[in-house]
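For reference, entry_5.txt (compact mmCIF, C-alpha atoms and all ligand atoms):
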```txt
# COMPACT_ATOMS: atom_id res chain seq x y z
CA MET E 124 11.01 -21.72 16.25
CA LYS E 125 11.50 -18.12 15.29
CA ARG E 126 9.94 -18.89 11.95
CA LEU E 127 7.07 -20.69 13.63
CA VAL E 128 6.34 -17.64 15.76
CA ALA E 129 6.53 -15.51 12.63
CA LEU E 130 4.19 -17.92 10.89
CA VAL E 131 1.65 -17.76 13.67
CA SER E 132 1.78 -13.96 13.82
CA ALA E 133 1.56 -13.69 10.05
CA VAL E 134 -1.51 -15.90 9.98
CA LEU E 135 -3.04 -13.98 12.86
CA LEU E 136 -2.20 -10.49 11.68
CA VAL E 137 -2.50 -10.81 7.93
CA GLY E 138 -4.17 -14.11 7.27
CA VAL E 139 -7.19 -13.67 9.41
CA ALA E 140 -8.06 -10.43 7.72
CA LEU E 141 -7.20 -11.79 4.29
CA SER E 142 -8.87 -15.13 4.36
CA PHE E 143 -11.59 -15.76 6.83
CA GLY E 144 -15.23 -15.00 6.55
CA ALA E 145 -17.25 -13.09 4.06
CA CYS E 146 -17.46 -9.34 4.35
CA SER E 147 -20.37 -8.66 6.65
CA THR E 148 -20.55 -4.90 6.35
CA VAL E 149 -22.99 -2.49 4.77
CA ASN E 150 -21.49 0.12 2.46
CA SER E 151 -23.06 3.40 3.55
CA HIS E 152 -21.48 5.10 0.51
CA TYR E 153 -23.04 2.63 -1.95
CA ASN E 154 -23.97 4.19 -5.27
CA GLY E 155 -25.29 1.64 -7.75
CA SER E 156 -24.30 3.80 -10.71
CA LYS E 157 -20.60 3.43 -9.86
CA ALA E 158 -19.00 0.23 -11.19
CA HIS E 159 -16.57 -0.19 -8.29
CA HIS E 160 -19.25 0.13 -5.58
CA ARG E 161 -20.82 -2.97 -4.00
CA PRO E 162 -23.60 -3.04 -1.38
CA ASP E 163 -21.06 -4.47 1.09
CA GLY E 164 -17.99 -2.49 -0.01
CA PHE E 165 -15.85 -1.94 -3.09
CA ALA E 166 -14.19 -3.70 -6.04
CA ASN E 167 -11.26 -3.01 -8.34
CA LEU E 168 -11.64 -1.09 -11.60
CA ASP E 169 -11.75 -4.43 -13.48
CA GLY E 170 -14.48 -5.74 -11.18
CA THR E 171 -12.27 -8.17 -9.26
CA ARG E 172 -12.03 -8.36 -5.46
CA GLN E 173 -9.19 -9.87 -3.45
CA GLU E 174 -10.82 -12.91 -1.89
CA GLU E 175 -8.09 -15.47 -1.27
CA PRO E 176 -9.16 -18.81 0.18
CA PHE E 177 -7.36 -19.64 3.40
CA SER E 178 -5.71 -22.64 1.70
CA ARG E 179 -3.64 -20.36 -0.57
CA LEU E 180 -2.39 -18.27 2.34
CA ALA E 181 -1.54 -21.42 4.29
CA THR E 182 0.31 -22.82 1.24
CA TRP E 183 2.36 -19.63 0.92
CA GLN E 184 3.27 -19.55 4.63
CA TRP E 185 4.09 -23.29 4.68
CA GLN E 186 6.32 -23.04 1.59
CA ALA E 187 8.06 -19.94 2.95
CA MET E 188 8.71 -21.61 6.29
CA ARG E 189 10.13 -24.74 4.65
CA ALA E 190 12.39 -22.67 2.40
CA GLY E 191 13.50 -20.42 5.28
CA LEU E 192 12.18 -17.28 3.58
CA PRO E 193 12.74 -14.42 3.60
CA LYS E 194 16.52 -14.72 3.55
CA PRO E 195 18.43 -11.98 5.41
CA PRO E 196 19.14 -8.87 3.32
CA TYR E 197 22.31 -9.26 1.21
CA GLN E 198 23.51 -5.83 2.21
CA VAL E 199 23.15 -6.65 5.89
CA ILE E 200 25.28 -9.73 5.33
CA GLN E 201 27.87 -7.39 3.85
CA GLY E 202 27.60 -5.01 6.80
CA TYR E 203 25.62 -2.30 5.00
CA ASN E 204 22.56 -2.35 7.24
CA PHE E 205 20.50 0.46 5.65
CA PRO E 206 22.43 3.53 6.79
CA ALA E 207 20.11 6.52 7.19
CA ALA E 208 20.76 9.79 5.38
CA PRO E 209 21.50 12.88 7.50
CA ARG E 210 18.18 14.39 8.59
CA GLN E 211 17.41 17.75 6.95
CA GLU E 212 15.13 18.81 9.80
CA ALA E 213 15.99 22.51 9.99
CA PHE E 214 15.87 22.95 6.21
CA LEU E 215 12.50 21.19 5.93
CA LYS E 216 11.00 23.19 8.80
CA ALA E 217 12.07 26.51 7.25
CA ASN E 218 11.42 25.63 3.62
CA THR E 219 8.42 27.10 1.83
CA ALA E 220 10.04 27.94 -1.48
CA GLN E 221 11.22 24.65 -2.92
CA ASN E 222 9.43 21.43 -3.75
CA THR E 223 10.99 18.51 -1.88
CA ALA E 224 10.54 14.78 -1.27
CA THR E 225 11.76 12.95 1.86
CA TRP E 226 11.53 9.17 2.24
CA ILE E 227 10.88 8.41 5.90
CA GLY E 228 10.54 4.67 5.29
CA HIS E 229 8.12 2.11 3.81
CA ALA E 230 5.28 4.12 2.16
CA THR E 231 5.77 7.23 4.31
CA VAL E 232 6.93 10.18 2.21
CA LEU E 233 7.00 13.86 3.17
CA MET E 234 6.24 16.02 0.14
CA GLN E 235 6.58 19.79 0.16
CA ILE E 236 4.67 21.25 -2.78
CA ASP E 237 4.22 25.01 -3.16
CA GLY E 238 4.71 25.51 0.57
CA LEU E 239 2.20 22.79 1.56
CA ASN E 240 3.50 19.94 3.76
CA ILE E 241 1.97 16.62 2.73
CA LEU E 242 2.57 13.22 4.30
CA THR E 243 1.69 9.88 2.67
CA ASP E 244 0.62 6.83 4.74
CA PRO E 245 2.37 7.84 8.00
CA VAL E 246 3.94 4.94 9.90
CA PHE E 247 6.38 5.89 12.67
CA SER E 248 5.75 2.87 14.91
CA GLU E 249 8.11 -0.01 15.60
CA ARG E 250 5.67 -2.56 14.19
CA THR E 251 2.97 -2.59 11.51
CA SER E 252 0.39 -4.44 13.50
CA PRO E 253 -2.76 -4.00 15.58
CA VAL E 254 -0.51 -4.52 18.62
CA GLN E 255 3.02 -3.35 19.37
CA PHE E 256 4.21 -6.65 20.93
CA ALA E 257 3.84 -8.75 17.77
CA GLY E 258 3.80 -8.35 14.01
CA PRO E 259 6.35 -7.18 11.42
CA LYS E 260 9.07 -5.15 13.16
CA ARG E 261 10.93 -2.14 11.78
CA ARG E 262 14.22 -3.37 10.31
CA ALA E 263 15.78 -0.01 9.38
CA PRO E 264 16.33 3.09 11.50
CA LEU E 265 13.38 5.41 12.03
CA THR E 266 14.78 8.67 10.74
CA PHE E 267 12.05 11.12 11.70
CA LYS E 268 9.56 11.32 14.52
CA VAL E 269 6.45 13.41 13.98
CA SER E 270 8.00 16.20 16.11
CA ASP E 271 11.00 16.34 13.72
CA LEU E 272 8.75 17.22 10.79
CA PRO E 273 7.46 20.62 9.72
CA ARG E 274 3.79 21.08 10.63
CA ILE E 275 1.90 18.73 8.33
CA ASP E 276 -1.01 20.34 6.45
CA VAL E 277 -2.42 17.29 4.70
CA VAL E 278 -2.06 13.55 5.28
CA VAL E 279 -3.16 11.24 2.46
CA ILE E 280 -4.06 7.65 3.31
CA SER E 281 -4.06 5.07 0.50
CA HIS E 282 -5.94 2.29 2.35
CA ASN E 283 -6.49 0.87 5.80
CA HIS E 284 -3.87 -1.92 5.99
CA TYR E 285 -1.74 -1.69 9.13
CA ASP E 286 1.43 -0.78 7.23
CA HIS E 287 -0.38 2.29 5.81
CA LEU E 288 -2.82 3.39 8.51
CA ASP E 289 -1.09 3.31 11.88
CA THR E 290 -3.02 4.31 15.00
CA ASP E 291 -0.13 5.75 17.08
CA SER E 292 1.22 7.75 14.12
CA VAL E 293 -2.19 9.26 13.40
CA ARG E 294 -2.58 10.18 17.10
CA ASP E 295 0.87 11.83 17.12
CA LEU E 296 -0.04 13.86 14.04
CA VAL E 297 -3.31 15.00 15.61
CA LYS E 298 -1.26 16.32 18.56
CA GLN E 299 1.34 18.10 16.38
CA ALA E 300 2.16 21.72 17.24
CA GLY E 301 -0.14 24.04 15.30
CA GLY E 302 -3.13 21.68 15.23
CA PRO E 303 -4.16 18.49 13.47
CA PRO E 304 -3.59 18.06 9.75
CA LEU E 305 -6.44 17.36 7.34
CA PHE E 306 -6.63 13.61 6.69
CA LEU E 307 -7.76 12.76 3.16
CA VAL E 308 -8.91 9.13 3.14
CA PRO E 309 -10.67 6.56 0.92
CA LEU E 310 -14.45 6.16 1.28
CA GLY E 311 -15.25 4.23 4.45
CA VAL E 312 -11.94 4.96 6.21
CA GLU E 313 -13.42 8.12 7.75
CA LYS E 314 -15.40 5.84 10.10
CA TRP E 315 -12.14 4.63 11.65
CA PHE E 316 -11.08 8.28 12.19
CA HIS E 317 -14.41 9.21 13.74
CA GLY E 318 -13.99 6.20 16.04
CA GLN E 319 -10.70 7.75 17.16
CA GLY E 320 -12.50 11.03 17.86
CA ILE E 321 -10.84 12.74 14.88
CA GLN E 322 -13.04 15.10 12.87
CA SER E 323 -10.48 16.70 10.53
CA VAL E 324 -10.98 13.99 7.93
CA LYS E 325 -12.46 14.00 4.44
CA ALA E 326 -13.51 10.77 2.69
CA MET E 327 -13.09 10.65 -1.07
CA ASP E 328 -14.14 8.35 -3.90
CA TRP E 329 -12.03 7.61 -6.98
CA TRP E 330 -11.72 10.72 -9.16
CA ASP E 331 -13.00 13.03 -6.39
CA GLN E 332 -10.93 16.15 -5.79
CA HIS E 333 -10.31 18.53 -2.92
CA ALA E 334 -8.20 21.68 -2.93
CA VAL E 335 -6.04 22.89 -0.03
CA LYS E 336 -4.46 26.30 -0.67
CA GLY E 337 -2.90 26.00 -4.12
CA VAL E 338 -2.75 22.22 -4.25
CA THR E 339 -5.58 20.03 -5.57
CA PHE E 340 -5.75 16.44 -4.34
CA HIS E 341 -7.39 13.73 -6.43
CA PHE E 342 -8.09 10.20 -5.21
CA VAL E 343 -7.38 7.69 -8.00
CA PRO E 344 -7.84 3.92 -8.47
CA ALA E 345 -5.36 1.18 -7.58
CA HIS E 346 -5.63 -2.62 -7.86
CA HIS E 347 -5.65 -3.75 -4.25
CA TRP E 348 -8.01 -4.42 -1.33
CA SER E 349 -8.67 -3.35 2.25
CA SER E 350 -9.09 -4.91 5.69
CA ARG E 351 -8.29 -4.29 9.35
CA SER E 352 -10.20 -7.20 10.89
CA PRO E 353 -11.65 -10.56 9.89
CA PHE E 354 -15.00 -8.90 9.21
CA ASP E 355 -14.31 -5.88 7.02
CA ARG E 356 -12.58 -7.15 3.90
CA ASN E 357 -13.02 -4.64 1.03
CA ALA E 358 -15.55 -2.69 3.12
CA SER E 359 -13.57 0.55 2.68
CA LEU E 360 -12.00 1.79 -0.56
CA TRP E 361 -8.30 1.80 -1.54
CA GLY E 362 -6.37 3.80 -4.11
CA GLY E 363 -3.64 6.31 -4.88
CA TRP E 364 -3.32 10.08 -4.70
CA VAL E 365 -2.49 12.84 -7.13
CA ALA E 366 -1.46 16.27 -5.80
CA LYS E 367 -1.26 19.04 -8.38
CA SER E 368 -0.35 22.69 -8.09
CA SER E 369 0.00 25.18 -10.90
CA SER E 370 3.67 24.28 -11.22
CA PHE E 371 4.10 20.73 -9.90
CA SER E 372 2.41 17.34 -10.06
CA PHE E 373 2.88 14.36 -7.73
CA TYR E 374 1.48 10.82 -7.93
CA PHE E 375 1.47 8.29 -5.08
CA SER E 376 0.14 4.94 -6.26
CA GLY E 377 -0.51 3.34 -2.85
CA ASP E 378 -0.32 -0.47 -2.80
CA THR E 379 -1.27 -1.92 -6.16
CA GLY E 380 -1.06 -4.76 -8.60
CA MET E 381 -1.19 -4.13 -12.34
CA GLY E 382 -4.38 -3.03 -14.04
CA GLU E 383 -5.93 -0.50 -16.40
CA ASP E 384 -5.78 2.03 -13.54
CA PHE E 385 -2.55 3.68 -14.68
CA ALA E 386 -3.58 4.28 -18.30
CA GLN E 387 -6.74 5.94 -16.99
CA ILE E 388 -4.76 8.07 -14.55
CA ALA E 389 -2.39 9.11 -17.34
CA LYS E 390 -5.34 9.99 -19.56
CA ARG E 391 -6.83 12.30 -16.96
CA PHE E 392 -3.72 13.92 -15.57
CA GLY E 393 -1.06 13.78 -18.26
CA ARG E 394 2.49 13.55 -16.98
CA PHE E 395 3.85 13.78 -13.43
CA ASP E 396 6.94 15.54 -12.13
CA PHE E 397 7.42 13.03 -9.32
CA SER E 398 5.89 9.71 -8.29
CA ALA E 399 6.15 7.34 -5.33
CA ILE E 400 5.58 3.77 -6.53
CA PRO E 401 5.96 0.53 -4.51
CA VAL E 402 8.89 -1.74 -5.36
CA GLY E 403 8.71 -4.13 -2.37
CA ALA E 404 6.57 -6.97 -0.92
CA TYR E 405 6.21 -8.91 -4.19
CA GLU E 406 7.32 -12.54 -3.63
CA PRO E 407 6.00 -15.14 -4.21
CA ARG E 408 4.44 -13.87 -7.42
CA TRP E 409 1.70 -16.52 -7.52
CA PHE E 410 0.35 -15.06 -4.28
CA MET E 411 1.32 -11.38 -4.49
CA GLN E 412 0.88 -10.48 -8.14
CA SER E 413 -2.74 -9.33 -7.95
CA GLN E 414 -2.06 -6.98 -5.01
CA HIS E 415 1.62 -5.86 -5.13
CA VAL E 416 3.68 -4.97 -8.22
CA ASN E 417 7.29 -6.11 -8.50
CA PRO E 418 10.04 -3.66 -9.55
CA HIS E 419 9.58 -4.53 -13.24
CA GLU E 420 5.87 -3.66 -13.06
CA ALA E 421 6.65 -0.56 -10.99
CA VAL E 422 8.87 0.71 -13.81
CA GLN E 423 6.05 -0.03 -16.25
CA ILE E 424 3.73 2.15 -14.13
CA HIS E 425 6.38 4.89 -14.11
CA LYS E 426 6.36 4.80 -17.92
CA THR E 427 2.56 4.54 -18.30
CA VAL E 428 1.83 7.55 -16.08
CA GLY E 429 4.67 9.53 -17.68
CA SER E 430 6.59 10.18 -14.48
CA ALA E 431 9.69 12.33 -14.94
CA LEU E 432 11.21 10.99 -11.70
CA SER E 433 9.98 8.10 -9.54
CA LEU E 434 10.91 6.97 -6.06
CA GLY E 435 10.59 3.31 -5.10
CA VAL E 436 8.74 2.94 -1.78
CA HIS E 437 7.19 0.10 0.28
CA TRP E 438 10.50 -1.70 0.74
CA GLY E 439 13.55 -1.84 3.02
CA THR E 440 11.64 -1.17 6.24
CA PHE E 441 9.28 -3.98 7.27
CA GLU E 442 9.76 -7.63 6.27
CA LEU E 443 6.32 -8.53 4.91
CA THR E 444 6.90 -11.10 2.18
CA ASP E 445 9.35 -13.70 0.85
CA GLU E 446 11.95 -11.59 -0.95
CA SER E 447 14.89 -10.22 1.04
CA LEU E 448 14.35 -6.74 2.41
CA ASP E 449 16.92 -5.28 0.02
CA GLN E 450 16.02 -7.38 -3.06
CA PRO E 451 14.59 -4.24 -4.75
CA MET E 452 18.16 -2.82 -4.76
CA VAL E 453 19.01 -5.70 -7.09
CA ASP E 454 15.77 -6.02 -9.05
CA LEU E 455 15.05 -2.33 -9.73
CA PRO E 456 18.25 -1.72 -11.75
CA LEU E 457 17.48 -4.88 -13.79
CA ALA E 458 13.94 -3.61 -14.42
CA ARG E 459 15.17 -0.15 -15.49
CA LYS E 460 17.61 -1.74 -17.92
CA ALA E 461 15.02 -4.15 -19.35
CA LEU E 462 12.54 -1.32 -19.90
CA GLY E 463 15.00 1.30 -21.14
CA VAL E 464 14.61 3.73 -18.22
CA ALA E 465 17.62 5.82 -17.16
CA ASP E 466 19.14 5.04 -13.75
CA THR E 467 18.43 8.60 -12.65
CA ASP E 468 14.70 8.46 -13.54
CA PHE E 469 13.51 5.75 -11.10
CA VAL E 470 15.52 5.83 -7.90
CA LEU E 471 15.71 4.58 -4.34
CA PHE E 472 16.46 6.98 -1.48
CA GLN E 473 18.25 6.15 1.73
CA HIS E 474 15.95 6.22 4.75
CA GLY E 475 15.48 9.86 5.74
CA GLU E 476 16.91 11.23 2.51
CA THR E 477 15.58 14.56 1.20
CA ARG E 478 15.84 15.76 -2.37
CA VAL E 479 14.86 19.11 -3.83
CA LEU E 480 12.67 18.56 -6.90
CA THR E 481 12.41 20.72 -9.95
CA PRO E 482 9.34 20.55 -12.21
CA LYS E 483 10.28 18.73 -15.41
CA ASN E 484 7.06 18.39 -17.37
ZN ZN E 501 -2.05 -3.07 1.40
ZN ZN E 502 1.43 -2.23 2.08
```

Render the structure in this file as structure tokens.
Amino acid sequence: MKRLVALVSAVLLVGVALSFGACSTVNSHYNGSKAHHRPDGFANLDGTRQEEPFSRLATWQWQAMRAGLPKPPYQVIQGYNFPAAPRQEAFLKANTAQNTATWIGHATVLMQIDGLNILTDPVFSERTSPVQFAGPKRRAPLTFKVSDLPRIDVVVISHNHYDHLDTDSVRDLVKQAGGPPLFLVPLGVEKWFHGQGIQSVKAMDWWDQHAVKGVTFHFVPAHHWSSRSPFDRNASLWGGWVAKSSSFSFYFSGDTGMGEDFAQIAKRFGRFDFSAIPVGAYEPRWFMQSQHVNPHEAVQIHKTVGSALSLGVHWGTFELTDESLDQPMVDLPLARKALGVADTDFVLFQHGETRVLTPKN
């Protein structure tokens, strides 16, 4: 029964957006000279668009239900239960001198670069869903509320899926002490912000850049898709973010499958001191491969973009797909070993963990 309810909510919350209806929007940013622009929205760098027929989604959900997937996390079975790291609230609020990274959970990372406080894909809600009474529920402790953070200068949004663009979290950030942050968003997502009455937003296309104090932000391609309703599939853009100062470089890939994106990013930006790359939501491969990398592919991205240190994100927080919530704890070490990457070069943090980062490139 529980699974049936989950099935129905999954179909409603994910499936409807993923599978029904053609995109019926007009792309007001359309520029025919750009290969990834379409009159009704956007496409991947290789020209593909995520347009799954409903039958494939139904097949996945049916197979998962019959197999009883996802299985409970192994570590929970063993009583581990994702213990949070001690919160470094006072240090983070006072810190302007050191570069730091804090994993809040899922794809939400607080980066402090040259005194600028940057937040990726803020999700502080209990569920990643259009409504808070249904949809994937938080399965690990929420370590920070917005009020526990230093004042955020810049929020970068990778795309408009509910586990990356969360209404309540954005509203809380707008109300933060000291005034709203600047939201840097993919083309088309600014309309959602304007609809919320938020004006401190800047829409960017792939390879666009925008400087805030000493940090330059670049929006870069990823192999994914977008949607918040049955009628807006691929209407707004998706991607990753690069933040570079004179002494430090950060790459956040957003949600992505494999593609030529990473070689192009490496060509333009050279190496990165620190990256946040997804390592969760990857099973079953026949359904997920084109939109979500697995840990093996994540380590390949780490190598392709020349990341000195990478953090695995998009795991351990919300149960979105068939693998157990802590499967990346098993699969990432195997991937590092297979690809010859040192254990200390692609890591997982505990929820809420902060590390001070030193430039390495
Ligand atoms: Zn997504
Ligand atoms: Zn996601």

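Put simply, atom CA of Gln211 of chain E is 20.5 Å away from atom CA of Ser248 of chain E.
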
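Every residue within 6 Å of the file position (-23.5, -1.5, 4.1), judged by all atoms listed in the file, is given as Thr148, Val149, Asn150, Ser151, Pro162 and Asp163 of chain E.
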
Please identify all polymer residues within 7 Å of segment 359-363 of chain E, counting all atoms listed in the file, omitting same-chain residues fewer than 4 positions from it, and present them as a PyMOL selection string. chain E and resi 164-165+281-282+309-312+342-345+347-349+375-377

12 Å from ligand ZN 501 (chain E) is the threshold here; counting only C-alpha atoms and all ligand atoms, which polymer residues fall inside it? Answer as a count of residues only. 46

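Distances here use only C-alpha atoms; by that measure, the residue among E:Gln322, E:Gln423, E:Asn222, E:Ser433 closest to Pro304 of chain E is E:Gln322.
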
Atoms added to segment 419-439 of chain E (N, CA, C and O atoms), reported as an mmCIF file, in the coordinates of the input:
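Listing of result14.cif after writing:
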```
data_model
loop_
_atom_site.group_PDB
_atom_site.id
_atom_site.type_symbol
_atom_site.label_atom_id
_atom_site.label_comp_id
_atom_site.auth_asym_id
_atom_site.auth_seq_id
_atom_site.Cartn_x
_atom_site.Cartn_y
_atom_site.Cartn_z
ATOM 1 N N HIS E 419 9.783 -4.624 -11.798
ATOM 2 C CA HIS E 419 9.580 -4.530 -13.240
ATOM 3 C C HIS E 419 8.234 -3.844 -13.541
ATOM 4 O O HIS E 419 8.168 -2.938 -14.381
ATOM 5 N N GLU E 420 7.194 -4.265 -12.846
ATOM 6 C CA GLU E 420 5.870 -3.660 -13.060
ATOM 7 C C GLU E 420 5.848 -2.209 -12.560
ATOM 8 O O GLU E 420 5.183 -1.350 -13.152
ATOM 9 N N ALA E 421 6.582 -1.939 -11.496
ATOM 10 C CA ALA E 421 6.650 -0.560 -10.990
ATOM 11 C C ALA E 421 7.238 0.372 -12.048
ATOM 12 O O ALA E 421 6.768 1.500 -12.238
ATOM 13 N N VAL E 422 8.262 -0.114 -12.753
ATOM 14 C CA VAL E 422 8.870 0.710 -13.810
ATOM 15 C C VAL E 422 7.893 0.870 -14.975
ATOM 16 O O VAL E 422 7.820 1.936 -15.601
ATOM 17 N N GLN E 423 7.091 -0.176 -15.220
ATOM 18 C CA GLN E 423 6.050 -0.030 -16.250
ATOM 19 C C GLN E 423 5.040 1.057 -15.858
ATOM 20 O O GLN E 423 4.628 1.855 -16.703
ATOM 21 N N ILE E 424 4.653 1.092 -14.589
ATOM 22 C CA ILE E 424 3.730 2.150 -14.130
ATOM 23 C C ILE E 424 4.361 3.524 -14.327
ATOM 24 O O ILE E 424 3.729 4.460 -14.825
ATOM 25 N N HIS E 425 5.628 3.638 -13.940
ATOM 26 C CA HIS E 425 6.380 4.890 -14.110
ATOM 27 C C HIS E 425 6.291 5.373 -15.562
ATOM 28 O O HIS E 425 6.084 6.562 -15.821
ATOM 29 N N LYS E 426 6.413 4.424 -16.501
ATOM 30 C CA LYS E 426 6.360 4.800 -17.920
ATOM 31 C C LYS E 426 4.923 5.140 -18.332
ATOM 32 O O LYS E 426 4.689 6.113 -19.040
ATOM 33 N N THR E 427 3.959 4.329 -17.881
ATOM 34 C CA THR E 427 2.560 4.540 -18.300
ATOM 35 C C THR E 427 2.036 5.893 -17.823
ATOM 36 O O THR E 427 1.347 6.583 -18.573
ATOM 37 N N VAL E 428 2.358 6.263 -16.585
ATOM 38 C CA VAL E 428 1.830 7.550 -16.080
ATOM 39 C C VAL E 428 2.709 8.726 -16.499
ATOM 40 O O VAL E 428 2.406 9.869 -16.192
ATOM 41 N N GLY E 429 3.810 8.452 -17.202
ATOM 42 C CA GLY E 429 4.670 9.530 -17.680
ATOM 43 C C GLY E 429 5.321 10.287 -16.541
ATOM 44 O O GLY E 429 5.263 11.513 -16.459
ATOM 45 N N SER E 430 5.941 9.531 -15.623
ATOM 46 C CA SER E 430 6.590 10.180 -14.480
ATOM 47 C C SER E 430 8.012 10.601 -14.865
ATOM 48 O O SER E 430 8.780 9.797 -15.381
ATOM 49 N N ALA E 431 8.335 11.866 -14.614
ATOM 50 C CA ALA E 431 9.690 12.330 -14.940
ATOM 51 C C ALA E 431 10.707 11.711 -13.982
ATOM 52 O O ALA E 431 11.813 11.355 -14.386
ATOM 53 N N LEU E 432 10.327 11.592 -12.706
ATOM 54 C CA LEU E 432 11.210 10.990 -11.700
ATOM 55 C C LEU E 432 10.337 10.176 -10.750
ATOM 56 O O LEU E 432 9.311 10.670 -10.278
ATOM 57 N N SER E 433 10.747 8.932 -10.483
ATOM 58 C CA SER E 433 9.980 8.100 -9.540
ATOM 59 C C SER E 433 10.877 7.621 -8.419
ATOM 60 O O SER E 433 12.073 7.365 -8.615
ATOM 61 N N LEU E 434 10.242 7.493 -7.250
ATOM 62 C CA LEU E 434 10.910 6.970 -6.060
ATOM 63 C C LEU E 434 10.278 5.623 -5.713
ATOM 64 O O LEU E 434 9.050 5.527 -5.609
ATOM 65 N N GLY E 435 11.105 4.605 -5.540
ATOM 66 C CA GLY E 435 10.590 3.310 -5.100
ATOM 67 C C GLY E 435 10.326 3.335 -3.601
ATOM 68 O O GLY E 435 11.191 3.711 -2.813
ATOM 69 N N VAL E 436 9.099 2.966 -3.208
ATOM 70 C CA VAL E 436 8.740 2.940 -1.780
ATOM 71 C C VAL E 436 8.213 1.542 -1.432
ATOM 72 O O VAL E 436 8.229 0.647 -2.266
ATOM 73 N N HIS E 437 7.782 1.370 -0.171
ATOM 74 C CA HIS E 437 7.190 0.100 0.280
ATOM 75 C C HIS E 437 8.229 -1.019 0.278
ATOM 76 O O HIS E 437 7.968 -2.153 -0.115
ATOM 77 N N TRP E 438 9.435 -0.696 0.705
ATOM 78 C CA TRP E 438 10.500 -1.700 0.740
ATOM 79 C C TRP E 438 11.485 -1.283 1.845
ATOM 80 O O TRP E 438 11.421 -0.166 2.390
ATOM 81 N N GLY E 439 12.389 -2.197 2.190
ATOM 82 C CA GLY E 439 13.550 -1.840 3.020
ATOM 83 C C GLY E 439 13.233 -1.474 4.461
ATOM 84 O O GLY E 439 14.131 -1.000 5.173
#
```
